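Here's target-v2.txt, which has compact mmCIF, C-alpha atoms:
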```
# COMPACT_ATOMS: atom_id res chain seq x y z
CA MET A 172 20.57 15.45 -9.05
CA THR A 173 18.23 14.01 -11.66
CA GLU A 174 15.11 16.10 -12.05
CA ARG A 175 11.80 14.37 -11.63
CA ILE A 176 8.88 14.77 -14.03
CA ALA A 177 5.40 13.54 -13.16
CA ILE A 178 3.10 12.93 -16.12
CA ASP A 179 -0.68 12.72 -16.07
CA MET A 180 -2.44 9.96 -18.02
CA ASP A 181 -5.87 11.08 -19.28
CA GLU A 182 -5.67 13.73 -22.02
CA VAL A 183 -1.87 13.71 -21.79
CA MET A 184 -0.55 10.17 -22.35
CA ALA A 185 -3.96 8.78 -23.28
CA ASP A 186 -6.42 10.33 -25.74
CA THR A 187 -9.34 9.81 -23.41
CA LEU A 188 -11.41 12.48 -25.11
CA ALA A 189 -11.22 10.56 -28.41
CA LYS A 190 -12.76 7.58 -26.58
CA HIS A 191 -15.48 9.78 -25.10
CA LEU A 192 -16.35 11.16 -28.54
CA ALA A 193 -16.44 7.68 -30.07
CA SER A 194 -18.63 6.40 -27.23
CA TYR A 195 -20.94 9.39 -27.66
CA LYS A 196 -21.26 8.75 -31.38
CA ARG A 197 -22.05 5.08 -30.70
CA ASP A 198 -24.74 5.98 -28.14
CA TYR A 199 -26.33 9.04 -29.77
CA GLY A 200 -25.31 8.87 -33.42
CA GLU A 201 -23.86 12.38 -33.25
CA THR A 202 -20.35 13.35 -34.22
CA LEU A 203 -18.76 15.89 -31.91
CA THR A 204 -15.28 17.20 -32.63
CA LYS A 205 -12.53 18.36 -30.30
CA GLY A 206 -12.73 21.76 -31.98
CA GLU A 207 -16.37 22.24 -30.97
CA LEU A 208 -15.50 21.50 -27.35
CA ALA A 209 -13.09 24.44 -27.04
CA GLY A 210 -13.41 25.94 -23.57
CA HIS A 211 -15.65 23.13 -22.27
CA ARG A 212 -15.33 19.81 -20.55
CA PHE A 213 -16.96 17.02 -22.52
CA ASP A 214 -19.52 16.17 -19.84
CA GLU A 215 -20.53 19.83 -19.52
CA PHE A 216 -20.80 20.29 -23.30
CA VAL A 217 -23.35 17.55 -23.97
CA PRO A 218 -27.09 18.19 -23.38
CA VAL A 219 -28.04 18.10 -19.71
CA ALA A 220 -30.25 15.05 -20.21
CA ARG A 221 -27.22 13.06 -21.42
CA ARG A 222 -24.73 14.06 -18.73
CA GLU A 223 -25.39 11.25 -16.29
CA HIS A 224 -25.01 8.74 -19.09
CA VAL A 225 -21.69 10.07 -20.36
CA ARG A 226 -20.33 10.51 -16.83
CA ALA A 227 -21.08 6.84 -16.21
CA TYR A 228 -18.54 5.95 -18.92
CA LEU A 229 -15.81 6.81 -16.43
CA ARG A 230 -17.13 4.42 -13.82
CA THR A 231 -17.35 1.47 -16.21
CA THR A 232 -14.83 -1.34 -15.75
CA GLY A 233 -12.85 -1.74 -18.96
CA TYR A 234 -13.50 1.77 -20.25
CA PHE A 235 -9.92 2.97 -19.72
CA ARG A 236 -8.30 -0.24 -20.97
CA ASP A 237 -8.34 0.56 -24.71
CA ILE A 238 -7.82 4.33 -24.85
CA PRO A 239 -5.59 5.39 -27.78
CA VAL A 240 -2.07 6.51 -26.90
CA MET A 241 -1.33 10.16 -27.71
CA LYS A 242 0.78 10.69 -30.83
CA ASP A 243 4.54 10.60 -30.17
CA CYS A 244 4.00 9.99 -26.46
CA GLN A 245 5.76 6.62 -26.24
CA ALA A 246 8.90 7.80 -28.03
CA VAL A 247 9.15 11.03 -26.07
CA VAL A 248 8.52 9.44 -22.66
CA ARG A 249 11.13 6.80 -23.46
CA ALA A 250 13.63 9.54 -24.32
CA LEU A 251 12.71 11.58 -21.23
CA ALA A 252 13.28 8.50 -19.06
CA GLU A 253 16.94 8.50 -20.06
CA ARG A 254 17.52 11.97 -18.68
CA TYR A 255 14.86 12.40 -15.97
CA GLU A 256 13.13 10.40 -13.27
CA ILE A 257 9.71 9.82 -14.80
CA PHE A 258 6.64 9.11 -12.70
CA VAL A 259 3.20 8.55 -14.18
CA ALA A 260 0.61 10.17 -11.91
CA SER A 261 -3.09 9.66 -12.48
CA ALA A 262 -5.94 10.89 -10.29
CA ALA A 263 -7.44 7.43 -10.77
CA LEU A 264 -8.84 7.15 -7.25
CA GLU A 265 -11.84 9.21 -8.36
CA PHE A 266 -12.84 6.21 -10.49
CA PRO A 267 -11.65 3.10 -8.66
CA ASN A 268 -12.91 0.79 -11.39
CA SER A 269 -10.27 2.37 -13.62
CA LEU A 270 -7.32 1.32 -11.44
CA ILE A 271 -6.59 -2.07 -12.97
CA ASP A 272 -7.40 -0.82 -16.49
CA LYS A 273 -4.88 1.97 -16.12
CA TYR A 274 -2.25 -0.32 -14.67
CA GLU A 275 -2.68 -2.78 -17.55
CA TRP A 276 -2.77 0.00 -20.13
CA LEU A 277 0.56 1.32 -18.86
CA HIS A 278 2.02 -2.18 -18.81
CA GLU A 279 0.96 -2.67 -22.44
CA HIS A 280 1.99 0.66 -23.92
CA PHE A 281 4.82 1.75 -21.60
CA PRO A 282 6.42 -1.53 -20.50
CA PHE A 283 9.65 0.31 -19.73
CA ILE A 284 7.98 2.19 -16.85
CA PRO A 285 8.28 0.04 -13.69
CA TYR A 286 5.49 -0.15 -11.13
CA THR A 287 7.63 1.88 -8.75
CA ARG A 288 7.11 4.88 -11.04
CA ILE A 289 3.32 4.74 -11.09
CA VAL A 290 1.20 6.81 -8.72
CA PHE A 291 -2.58 6.60 -8.45
CA CYS A 292 -3.87 9.42 -6.30
CA GLY A 293 -6.68 11.92 -6.02
CA ASP A 294 -4.80 15.13 -5.23
CA LYS A 295 -1.56 15.88 -7.06
CA GLY A 296 -0.49 18.17 -4.24
CA ILE A 297 0.95 14.98 -2.72
CA LEU A 298 3.56 14.61 -5.50
CA ALA A 299 7.18 15.42 -4.74
CA ALA A 300 8.41 16.22 -8.26
CA ASP A 301 10.07 19.07 -10.10
CA PHE A 302 7.54 19.16 -12.94
CA LEU A 303 4.01 17.98 -13.53
CA ILE A 304 2.66 17.76 -17.08
CA ASP A 305 -1.12 17.78 -16.78
CA ASP A 306 -4.19 19.07 -18.63
CA ASN A 307 -6.10 19.63 -15.39
CA VAL A 308 -5.69 23.16 -14.07
CA HIS A 309 -7.04 22.27 -10.63
CA GLN A 310 -4.35 19.63 -10.20
CA LEU A 311 -1.63 22.00 -11.44
CA THR A 312 -2.67 24.58 -8.84
CA ARG A 313 -2.41 21.91 -6.09
CA PHE A 314 1.03 20.77 -7.27
CA THR A 315 3.96 22.50 -5.53
CA GLY A 316 6.54 22.12 -8.34
CA GLN A 317 6.49 23.67 -11.81
CA GLY A 318 3.25 22.87 -13.58
CA ILE A 319 3.22 22.43 -17.36
CA LEU A 320 -0.20 22.64 -18.97
CA TYR A 321 -0.83 20.04 -21.67
CA SER A 322 -3.37 21.53 -24.05
CA SER A 323 -6.82 20.04 -24.22
CA PRO A 324 -10.06 21.61 -25.46
CA SER A 325 -11.20 22.27 -21.89
CA ASN A 326 -8.16 24.36 -20.94
CA ILE A 327 -7.54 26.55 -24.01
CA GLN A 328 -8.34 29.75 -22.14
CA GLU A 329 -5.93 29.06 -19.28
CA THR A 330 -2.88 31.34 -19.04
CA ARG A 331 -1.29 30.65 -15.63
CA PHE A 332 1.05 27.87 -16.72
CA PRO A 333 3.61 27.27 -19.45
CA ARG A 334 1.83 25.29 -22.15
CA VAL A 335 2.71 22.38 -24.41
CA ASN A 336 0.39 21.56 -27.29
CA ASP A 337 1.62 18.07 -28.07
CA TRP A 338 4.40 15.61 -27.32
CA SER A 339 6.79 17.16 -29.83
CA GLU A 340 6.55 20.33 -27.75
CA VAL A 341 7.26 18.30 -24.61
CA ARG A 342 10.38 17.00 -26.33
CA GLN A 343 11.46 20.52 -27.29
CA ARG A 344 10.98 21.80 -23.76
CA PHE A 345 12.78 19.03 -21.90
CA LEU A 346 15.28 17.49 -24.35
CA MET B 1035 0.39 25.64 7.63
CA THR B 1036 -1.16 22.30 8.47
CA GLU B 1037 1.43 19.54 8.61
CA ARG B 1038 0.87 16.53 6.42
CA ILE B 1039 1.18 12.95 7.64
CA ALA B 1040 1.28 10.04 5.21
CA ILE B 1041 0.32 6.67 6.68
CA ASP B 1042 1.14 3.25 5.28
CA MET B 1043 -1.56 0.56 5.18
CA ASP B 1044 -0.06 -2.94 5.56
CA GLU B 1045 1.35 -3.62 9.03
CA VAL B 1046 0.41 -0.08 10.11
CA MET B 1047 -3.32 0.50 9.58
CA ALA B 1048 -4.00 -3.12 8.63
CA ASP B 1049 -2.77 -6.20 10.52
CA THR B 1050 -1.68 -7.93 7.34
CA LEU B 1051 0.69 -10.21 9.17
CA ALA B 1052 -2.22 -11.61 11.22
CA LYS B 1053 -3.89 -12.56 7.94
CA HIS B 1054 -0.69 -14.18 6.67
CA LEU B 1055 -0.38 -16.25 9.86
CA ALA B 1056 -4.03 -17.33 9.68
CA SER B 1057 -3.64 -18.26 6.00
CA TYR B 1058 -0.48 -20.20 6.82
CA LYS B 1059 -2.22 -22.12 9.59
CA ARG B 1060 -5.10 -22.92 7.24
CA ASP B 1061 -2.74 -24.22 4.54
CA TYR B 1062 -0.08 -25.98 6.64
CA GLY B 1063 -1.73 -26.62 10.00
CA GLU B 1064 1.10 -24.86 11.80
CA THR B 1065 0.74 -21.97 14.20
CA LEU B 1066 3.40 -19.31 13.85
CA THR B 1067 3.43 -16.32 16.17
CA LYS B 1068 4.54 -12.75 15.62
CA GLY B 1069 7.12 -13.25 18.38
CA GLU B 1070 8.82 -16.08 16.49
CA LEU B 1071 9.15 -13.88 13.42
CA ALA B 1072 11.27 -11.26 15.20
CA GLY B 1073 13.87 -9.95 12.76
CA HIS B 1074 12.38 -11.73 9.74
CA ARG B 1075 9.87 -11.09 7.03
CA PHE B 1076 7.11 -13.68 7.00
CA ASP B 1077 7.93 -14.96 3.51
CA GLU B 1078 11.59 -15.35 4.41
CA PHE B 1079 10.82 -17.11 7.69
CA VAL B 1080 8.78 -19.99 6.27
CA PRO B 1081 10.54 -23.04 4.76
CA VAL B 1082 11.95 -22.39 1.29
CA ALA B 1083 9.61 -24.93 -0.30
CA ARG B 1084 6.60 -22.91 0.93
CA ARG B 1085 7.76 -19.44 -0.06
CA GLU B 1086 6.21 -19.32 -3.50
CA HIS B 1087 2.90 -20.41 -2.07
CA VAL B 1088 2.80 -17.79 0.69
CA ARG B 1089 4.03 -15.05 -1.65
CA ALA B 1090 1.12 -15.85 -3.95
CA TYR B 1091 -1.26 -14.79 -1.16
CA LEU B 1092 -0.36 -11.18 -1.99
CA ARG B 1093 -1.30 -11.56 -5.64
CA THR B 1094 -4.71 -13.07 -4.90
CA THR B 1095 -7.75 -10.90 -5.61
CA GLY B 1096 -9.71 -10.48 -2.39
CA TYR B 1097 -6.80 -11.24 -0.06
CA PHE B 1098 -6.47 -7.67 1.20
CA ARG B 1099 -10.22 -7.07 1.50
CA ASP B 1100 -10.75 -8.55 4.97
CA ILE B 1101 -7.54 -7.74 6.81
CA PRO B 1102 -8.15 -6.83 10.47
CA VAL B 1103 -7.75 -3.17 11.39
CA MET B 1104 -4.92 -2.45 13.82
CA LYS B 1105 -6.06 -1.77 17.39
CA ASP B 1106 -6.91 1.90 18.09
CA CYS B 1107 -6.06 2.88 14.51
CA GLN B 1108 -9.49 4.20 13.53
CA ALA B 1109 -9.85 6.43 16.59
CA VAL B 1110 -6.32 7.81 16.35
CA VAL B 1111 -6.46 8.47 12.60
CA ARG B 1112 -9.80 10.23 13.07
CA ALA B 1113 -8.27 12.42 15.78
CA LEU B 1114 -5.14 13.10 13.69
CA ALA B 1115 -7.34 14.16 10.78
CA GLU B 1116 -8.63 17.07 12.86
CA ARG B 1117 -5.18 18.55 13.32
CA TYR B 1118 -3.18 17.30 10.31
CA GLU B 1119 -3.63 16.64 6.62
CA ILE B 1120 -3.78 12.85 6.52
CA PHE B 1121 -2.90 10.87 3.41
CA VAL B 1122 -3.00 7.09 3.25
CA ALA B 1123 -0.10 5.87 1.14
CA SER B 1124 0.22 2.24 0.16
CA ALA B 1125 2.82 0.70 -2.13
CA ALA B 1126 -0.08 -1.23 -3.68
CA LEU B 1127 1.23 -1.07 -7.26
CA GLU B 1128 3.50 -4.01 -6.47
CA PHE B 1129 0.33 -6.12 -6.25
CA PRO B 1130 -2.16 -4.61 -8.68
CA ASN B 1131 -4.86 -7.13 -7.75
CA SER B 1132 -4.87 -5.51 -4.32
CA LEU B 1133 -5.86 -2.05 -5.60
CA ILE B 1134 -9.63 -2.40 -5.47
CA ASP B 1135 -9.48 -4.44 -2.26
CA LYS B 1136 -7.49 -1.71 -0.56
CA TYR B 1137 -9.76 1.01 -1.83
CA GLU B 1138 -12.85 -0.83 -0.56
CA TRP B 1139 -11.16 -1.68 2.74
CA LEU B 1140 -10.43 1.99 3.34
CA HIS B 1141 -13.95 2.96 2.34
CA GLU B 1142 -15.35 0.44 4.86
CA HIS B 1143 -13.10 1.12 7.84
CA PHE B 1144 -12.08 4.76 7.27
CA PRO B 1145 -15.09 6.30 5.53
CA PHE B 1146 -14.01 9.75 6.72
CA ILE B 1147 -10.91 9.62 4.49
CA PRO B 1148 -11.86 10.98 1.04
CA TYR B 1149 -10.44 9.49 -2.14
CA THR B 1150 -8.36 12.63 -2.59
CA ARG B 1151 -6.29 11.53 0.42
CA ILE B 1152 -5.44 8.08 -0.89
CA VAL B 1153 -2.21 7.35 -2.75
CA PHE B 1154 -1.31 4.03 -4.33
CA CYS B 1155 2.30 4.08 -5.42
CA GLY B 1156 5.38 1.91 -5.59
CA ASP B 1157 8.06 4.28 -4.28
CA LYS B 1158 7.28 6.53 -1.33
CA GLY B 1159 10.01 8.91 -2.40
CA ILE B 1160 7.27 10.50 -4.51
CA LEU B 1161 5.31 11.67 -1.45
CA ALA B 1162 5.36 15.35 -0.52
CA ALA B 1163 4.56 15.07 3.19
CA ASP B 1164 6.09 16.12 6.50
CA PHE B 1165 5.87 12.67 8.08
CA LEU B 1166 5.53 9.10 6.90
CA ILE B 1167 4.49 6.38 9.34
CA ASP B 1168 5.59 3.10 7.82
CA ASP B 1169 6.93 -0.29 8.88
CA ASN B 1170 9.05 -0.61 5.73
CA VAL B 1171 12.57 0.68 6.22
CA HIS B 1172 13.28 0.79 2.48
CA GLN B 1173 10.32 3.12 1.93
CA LEU B 1174 11.35 5.30 4.88
CA THR B 1175 14.83 5.72 3.41
CA ARG B 1176 13.28 6.80 0.07
CA PHE B 1177 10.95 9.31 1.76
CA THR B 1178 12.32 12.85 1.99
CA GLY B 1179 10.36 14.01 5.07
CA GLN B 1180 10.61 12.68 8.64
CA GLY B 1181 10.13 8.93 8.70
CA ILE B 1182 8.46 7.30 11.70
CA LEU B 1183 9.00 3.55 11.98
CA TYR B 1184 5.92 1.58 12.99
CA SER B 1185 7.12 -1.55 14.75
CA SER B 1186 6.61 -4.89 13.12
CA PRO B 1187 8.46 -8.16 13.71
CA SER B 1188 10.56 -7.65 10.58
CA ASN B 1189 11.97 -4.28 11.68
CA ILE B 1190 12.75 -4.75 15.38
CA GLN B 1191 16.49 -4.37 14.85
CA GLU B 1192 16.22 -1.07 12.96
CA THR B 1193 17.56 2.01 14.75
CA ARG B 1194 17.68 4.80 12.12
CA PHE B 1195 14.16 6.17 12.68
CA PRO B 1196 12.03 7.28 15.61
CA ARG B 1197 9.80 4.33 16.46
CA VAL B 1198 6.18 3.88 17.47
CA ASN B 1199 5.06 0.51 18.78
CA ASP B 1200 1.31 0.92 18.42
CA TRP B 1201 -1.38 3.49 17.70
CA SER B 1202 -1.45 4.78 21.27
CA GLU B 1203 2.18 5.77 20.74
CA VAL B 1204 1.23 7.48 17.48
CA ARG B 1205 -1.34 9.45 19.46
CA GLN B 1206 1.22 10.41 22.10
CA ARG B 1207 3.69 11.56 19.48
CA PHE B 1208 1.36 13.68 17.36
CA LEU B 1209 -1.51 14.78 19.64
```
Output the file's structure in the form of structure tokens.
Amino acid sequence: MTERIAIDMDEVMADTLAKHLASYKRDYGETLTKGELAGHRFDEFVPVARREHVRAYLRTTGYFRDIPVMKDCQAVVRALAERYEIFVASAALEFPNSLIDKYEWLHEHFPFIPYTRIVFCGDKGILAADFLIDDNVHQLTRFTGQGILYSSPSNIQETRFPRVNDWSEVRQRFL
Amino acid sequence: MTERIAIDMDEVMADTLAKHLASYKRDYGETLTKGELAGHRFDEFVPVARREHVRAYLRTTGYFRDIPVMKDCQAVVRALAERYEIFVASAALEFPNSLIDKYEWLHEHFPFIPYTRIVFCGDKGILAADFLIDDNVHQLTRFTGQGILYSSPSNIQETRFPRVNDWSEVRQRFL
């Protein structure tokens, strides 16, 4: 039977952190780098007085529409789709204004993924899949299949899950 | 371990067919009844020349925002939530303009269901749950747990799944 892989969007398919850093530079004139963020979430790294502002990015209609695609992601997901059942699974319900943006983003960048393979949820414990590739440790602990941790600055200290650092490592692991 | 019940929205929690019939009467001046539809989907029952028009209802922003709630549904779902893990699972990705409407509808009528228990998908085979209450036979055949068929005019001839005719029967079965 074909194995099923669920794939997270933010910080896995989409370089959402790059958008956060660009938005932060636009608003505060300061350049933060992914390296500086090691071990921290972006919204916890910025000064307390700026947290509400940067958290509001996520609730802004349109914010998720133009996130850059992660390097190699399109080619690897396309190749995975020939051997596995691929589902895209985003915890988008936390930010309902992102729902249409995320749908349109997928339609633009991954037109070969049909709507039947998209899941917008809040808790990835609901996913019936063999694997979940996600940067979010909380979601991986909820998931009942094999979690694969996609590296992001916030999770570099995590050791409970097999790790992939980029999409070429996803390719190596699964293809 | 707490059993998990996934519950469909359209024709189960929401009386979507009532909205279709009201919209049809508004547009064509004709009163159709649920009884007449027995064995048919609404869009297949209407004259061929009107099908595109009535199918477009589903793609209209706002259409799903004011659907009536099914009788007894709120009280029974609230009671189920005390004994089971309840997830609402709608195949909303087929009609992306419905996503925000459905989210807001749930927030209005079922404020006790947190966003973490909402799933918008296209294929209910992705749900890891013990039960799925759904009127859609195709989705029940995809689901890997125990499907429970919620009666609607379109499914009256179906015999492959245990059936509930209304929310009082859901209560009897699960509580």
* Non-local contacts of Ser1057 of chain B (12 Å; all atoms listed in the file; under 6 positions in same chain excluded) as number ranges by chain -> B: 1050-1051, 1063-1066, 1076, 1087-1092, 1097-1098, 1101
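Nearest to Ile297 of chain A of all the residues A:Ala177, A:Asp214, A:Met172, A:Val183 is A:Ala177, based on all atoms listed in the file.
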* Could you check how far atom CA of Pro1187 of chain B sits from atom CA of His1054 of chain B, in Å to one decimal? =>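 Answer for the atom CA of Pro1187 of chain B to atom CA of His1054 of chain B separation: 13.0 Å.
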Post-fit chain A coords, all in-order Cα pairs vs chain B, as a CSV table (one decimal) with C-alpha atoms, keeping the file's coordinate frame:
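Okay, this is what ended up in part.csv:
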```csv
chain,number,residue,atom,x,y,z
A,172,MET,CA,0.4,25.7,7.7
A,173,THR,CA,-1.2,22.3,8.5
A,174,GLU,CA,1.4,19.6,8.6
A,175,ARG,CA,0.9,16.5,6.4
A,176,ILE,CA,1.2,13.0,7.6
A,177,ALA,CA,1.3,10.0,5.2
A,178,ILE,CA,0.3,6.7,6.7
A,179,ASP,CA,1.1,3.3,5.3
A,180,MET,CA,-1.5,0.6,5.2
A,181,ASP,CA,-0.1,-2.9,5.5
A,182,GLU,CA,1.4,-3.6,9.0
A,183,VAL,CA,0.4,-0.1,10.1
A,184,MET,CA,-3.3,0.5,9.6
A,185,ALA,CA,-4.0,-3.1,8.6
A,186,ASP,CA,-2.8,-6.2,10.5
A,187,THR,CA,-1.7,-7.9,7.3
A,188,LEU,CA,0.7,-10.2,9.2
A,189,ALA,CA,-2.2,-11.6,11.2
A,190,LYS,CA,-3.9,-12.6,7.9
A,191,HIS,CA,-0.7,-14.2,6.7
A,192,LEU,CA,-0.4,-16.2,9.9
A,193,ALA,CA,-4.0,-17.3,9.7
A,194,SER,CA,-3.6,-18.3,6.0
A,195,TYR,CA,-0.5,-20.2,6.8
A,196,LYS,CA,-2.2,-22.1,9.6
A,197,ARG,CA,-5.1,-22.9,7.2
A,198,ASP,CA,-2.7,-24.2,4.5
A,199,TYR,CA,-0.1,-26.0,6.6
A,200,GLY,CA,-1.7,-26.6,10.0
A,201,GLU,CA,1.1,-24.9,11.8
A,202,THR,CA,0.7,-22.0,14.2
A,203,LEU,CA,3.4,-19.3,13.8
A,204,THR,CA,3.4,-16.3,16.2
A,205,LYS,CA,4.5,-12.8,15.6
A,206,GLY,CA,7.1,-13.3,18.4
A,207,GLU,CA,8.8,-16.1,16.5
A,208,LEU,CA,9.2,-13.9,13.4
A,209,ALA,CA,11.3,-11.3,15.2
A,210,GLY,CA,13.9,-9.9,12.8
A,211,HIS,CA,12.4,-11.7,9.8
A,212,ARG,CA,9.9,-11.1,7.0
A,213,PHE,CA,7.1,-13.7,7.0
A,214,ASP,CA,7.9,-15.0,3.5
A,215,GLU,CA,11.6,-15.4,4.4
A,216,PHE,CA,10.8,-17.1,7.7
A,217,VAL,CA,8.8,-20.0,6.3
A,218,PRO,CA,10.5,-23.1,4.8
A,219,VAL,CA,11.9,-22.4,1.3
A,220,ALA,CA,9.6,-24.9,-0.3
A,221,ARG,CA,6.6,-22.9,0.9
A,222,ARG,CA,7.8,-19.4,-0.1
A,223,GLU,CA,6.2,-19.3,-3.5
A,224,HIS,CA,2.9,-20.4,-2.1
A,225,VAL,CA,2.8,-17.8,0.7
A,226,ARG,CA,4.0,-15.1,-1.7
A,227,ALA,CA,1.1,-15.9,-3.9
A,228,TYR,CA,-1.3,-14.8,-1.2
A,229,LEU,CA,-0.4,-11.2,-2.0
A,230,ARG,CA,-1.3,-11.6,-5.6
A,231,THR,CA,-4.7,-13.1,-4.9
A,232,THR,CA,-7.8,-10.9,-5.6
A,233,GLY,CA,-9.7,-10.5,-2.4
A,234,TYR,CA,-6.8,-11.2,-0.1
A,235,PHE,CA,-6.5,-7.7,1.2
A,236,ARG,CA,-10.2,-7.1,1.5
A,237,ASP,CA,-10.8,-8.6,4.9
A,238,ILE,CA,-7.5,-7.7,6.8
A,239,PRO,CA,-8.2,-6.8,10.5
A,240,VAL,CA,-7.8,-3.2,11.4
A,241,MET,CA,-4.9,-2.4,13.8
A,242,LYS,CA,-6.1,-1.8,17.4
A,243,ASP,CA,-6.9,1.9,18.1
A,244,CYS,CA,-6.1,2.9,14.5
A,245,GLN,CA,-9.5,4.2,13.5
A,246,ALA,CA,-9.9,6.4,16.6
A,247,VAL,CA,-6.3,7.8,16.4
A,248,VAL,CA,-6.5,8.5,12.6
A,249,ARG,CA,-9.8,10.2,13.1
A,250,ALA,CA,-8.3,12.4,15.8
A,251,LEU,CA,-5.1,13.1,13.7
A,252,ALA,CA,-7.3,14.2,10.8
A,253,GLU,CA,-8.6,17.1,12.9
A,254,ARG,CA,-5.2,18.5,13.3
A,255,TYR,CA,-3.2,17.3,10.3
A,256,GLU,CA,-3.6,16.6,6.6
A,257,ILE,CA,-3.8,12.9,6.5
A,258,PHE,CA,-2.9,10.9,3.4
A,259,VAL,CA,-3.0,7.1,3.3
A,260,ALA,CA,-0.1,5.9,1.1
A,261,SER,CA,0.2,2.2,0.2
A,262,ALA,CA,2.8,0.7,-2.1
A,263,ALA,CA,-0.1,-1.2,-3.7
A,264,LEU,CA,1.2,-1.1,-7.2
A,265,GLU,CA,3.5,-4.0,-6.5
A,266,PHE,CA,0.3,-6.1,-6.3
A,267,PRO,CA,-2.2,-4.6,-8.7
A,268,ASN,CA,-4.9,-7.1,-7.8
A,269,SER,CA,-4.9,-5.5,-4.3
A,270,LEU,CA,-5.9,-2.0,-5.6
A,271,ILE,CA,-9.6,-2.4,-5.5
A,272,ASP,CA,-9.5,-4.4,-2.3
A,273,LYS,CA,-7.5,-1.7,-0.6
A,274,TYR,CA,-9.8,1.0,-1.8
A,275,GLU,CA,-12.8,-0.8,-0.6
A,276,TRP,CA,-11.2,-1.7,2.7
A,277,LEU,CA,-10.4,2.0,3.3
A,278,HIS,CA,-14.0,3.0,2.3
A,279,GLU,CA,-15.4,0.4,4.8
A,280,HIS,CA,-13.1,1.1,7.8
A,281,PHE,CA,-12.1,4.8,7.3
A,282,PRO,CA,-15.1,6.3,5.5
A,283,PHE,CA,-14.0,9.7,6.7
A,284,ILE,CA,-10.9,9.6,4.5
A,285,PRO,CA,-11.9,11.0,1.0
A,286,TYR,CA,-10.4,9.5,-2.1
A,287,THR,CA,-8.4,12.6,-2.6
A,288,ARG,CA,-6.3,11.5,0.4
A,289,ILE,CA,-5.4,8.1,-0.9
A,290,VAL,CA,-2.2,7.4,-2.7
A,291,PHE,CA,-1.3,4.0,-4.3
A,292,CYS,CA,2.3,4.1,-5.4
A,293,GLY,CA,5.4,1.9,-5.6
A,294,ASP,CA,8.1,4.3,-4.3
A,295,LYS,CA,7.3,6.5,-1.3
A,296,GLY,CA,10.0,8.9,-2.4
A,297,ILE,CA,7.3,10.5,-4.5
A,298,LEU,CA,5.3,11.7,-1.4
A,299,ALA,CA,5.4,15.3,-0.5
A,300,ALA,CA,4.6,15.1,3.2
A,301,ASP,CA,6.1,16.1,6.5
A,302,PHE,CA,5.9,12.7,8.1
A,303,LEU,CA,5.5,9.1,6.9
A,304,ILE,CA,4.5,6.4,9.3
A,305,ASP,CA,5.6,3.1,7.8
A,306,ASP,CA,6.9,-0.3,8.9
A,307,ASN,CA,9.0,-0.6,5.7
A,308,VAL,CA,12.6,0.7,6.2
A,309,HIS,CA,13.3,0.8,2.5
A,310,GLN,CA,10.3,3.1,1.9
A,311,LEU,CA,11.3,5.3,4.9
A,312,THR,CA,14.8,5.7,3.4
A,313,ARG,CA,13.3,6.8,0.1
A,314,PHE,CA,10.9,9.3,1.7
A,315,THR,CA,12.3,12.9,2.0
A,316,GLY,CA,10.4,14.0,5.1
A,317,GLN,CA,10.6,12.7,8.6
A,318,GLY,CA,10.1,8.9,8.7
A,319,ILE,CA,8.5,7.3,11.7
A,320,LEU,CA,9.0,3.5,12.0
A,321,TYR,CA,5.9,1.6,13.0
A,322,SER,CA,7.1,-1.5,14.8
A,323,SER,CA,6.6,-4.9,13.1
A,324,PRO,CA,8.5,-8.2,13.7
A,325,SER,CA,10.6,-7.6,10.6
A,326,ASN,CA,12.0,-4.3,11.7
A,327,ILE,CA,12.8,-4.8,15.4
A,328,GLN,CA,16.5,-4.4,14.9
A,329,GLU,CA,16.2,-1.1,13.0
A,330,THR,CA,17.6,2.0,14.7
A,331,ARG,CA,17.7,4.8,12.1
A,332,PHE,CA,14.2,6.2,12.7
A,333,PRO,CA,12.0,7.3,15.6
A,334,ARG,CA,9.8,4.3,16.5
A,335,VAL,CA,6.2,3.9,17.5
A,336,ASN,CA,5.1,0.5,18.8
A,337,ASP,CA,1.3,0.9,18.4
A,338,TRP,CA,-1.4,3.5,17.7
A,339,SER,CA,-1.4,4.8,21.3
A,340,GLU,CA,2.2,5.8,20.7
A,341,VAL,CA,1.2,7.5,17.5
A,342,ARG,CA,-1.3,9.5,19.5
A,343,GLN,CA,1.2,10.4,22.1
A,344,ARG,CA,3.7,11.6,19.5
A,345,PHE,CA,1.4,13.7,17.4
A,346,LEU,CA,-1.5,14.8,19.6
```
* Asked: What is the atom CA of Met1104 of chain B to atom CA of Leu1127 of chain B distance in Å?
  -> 22.0 Å
* To do: May I ask for the distance between atom CA of Glu1070 of chain B and atom CA of Thr1175 of chain B, given in Å to one decimal place?
  =>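 Computing it gives 26.1 Å between the two atoms.
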* To do: Identify every residue of chain B that has at least one atom within 8 Å of any atom of chain A, counting only C-alpha atoms, and report the result as a PyMOL selection string.
  => chain B and resi 1127-1128+1130-1131+1133-1134+1137+1149-1157+1159-1163
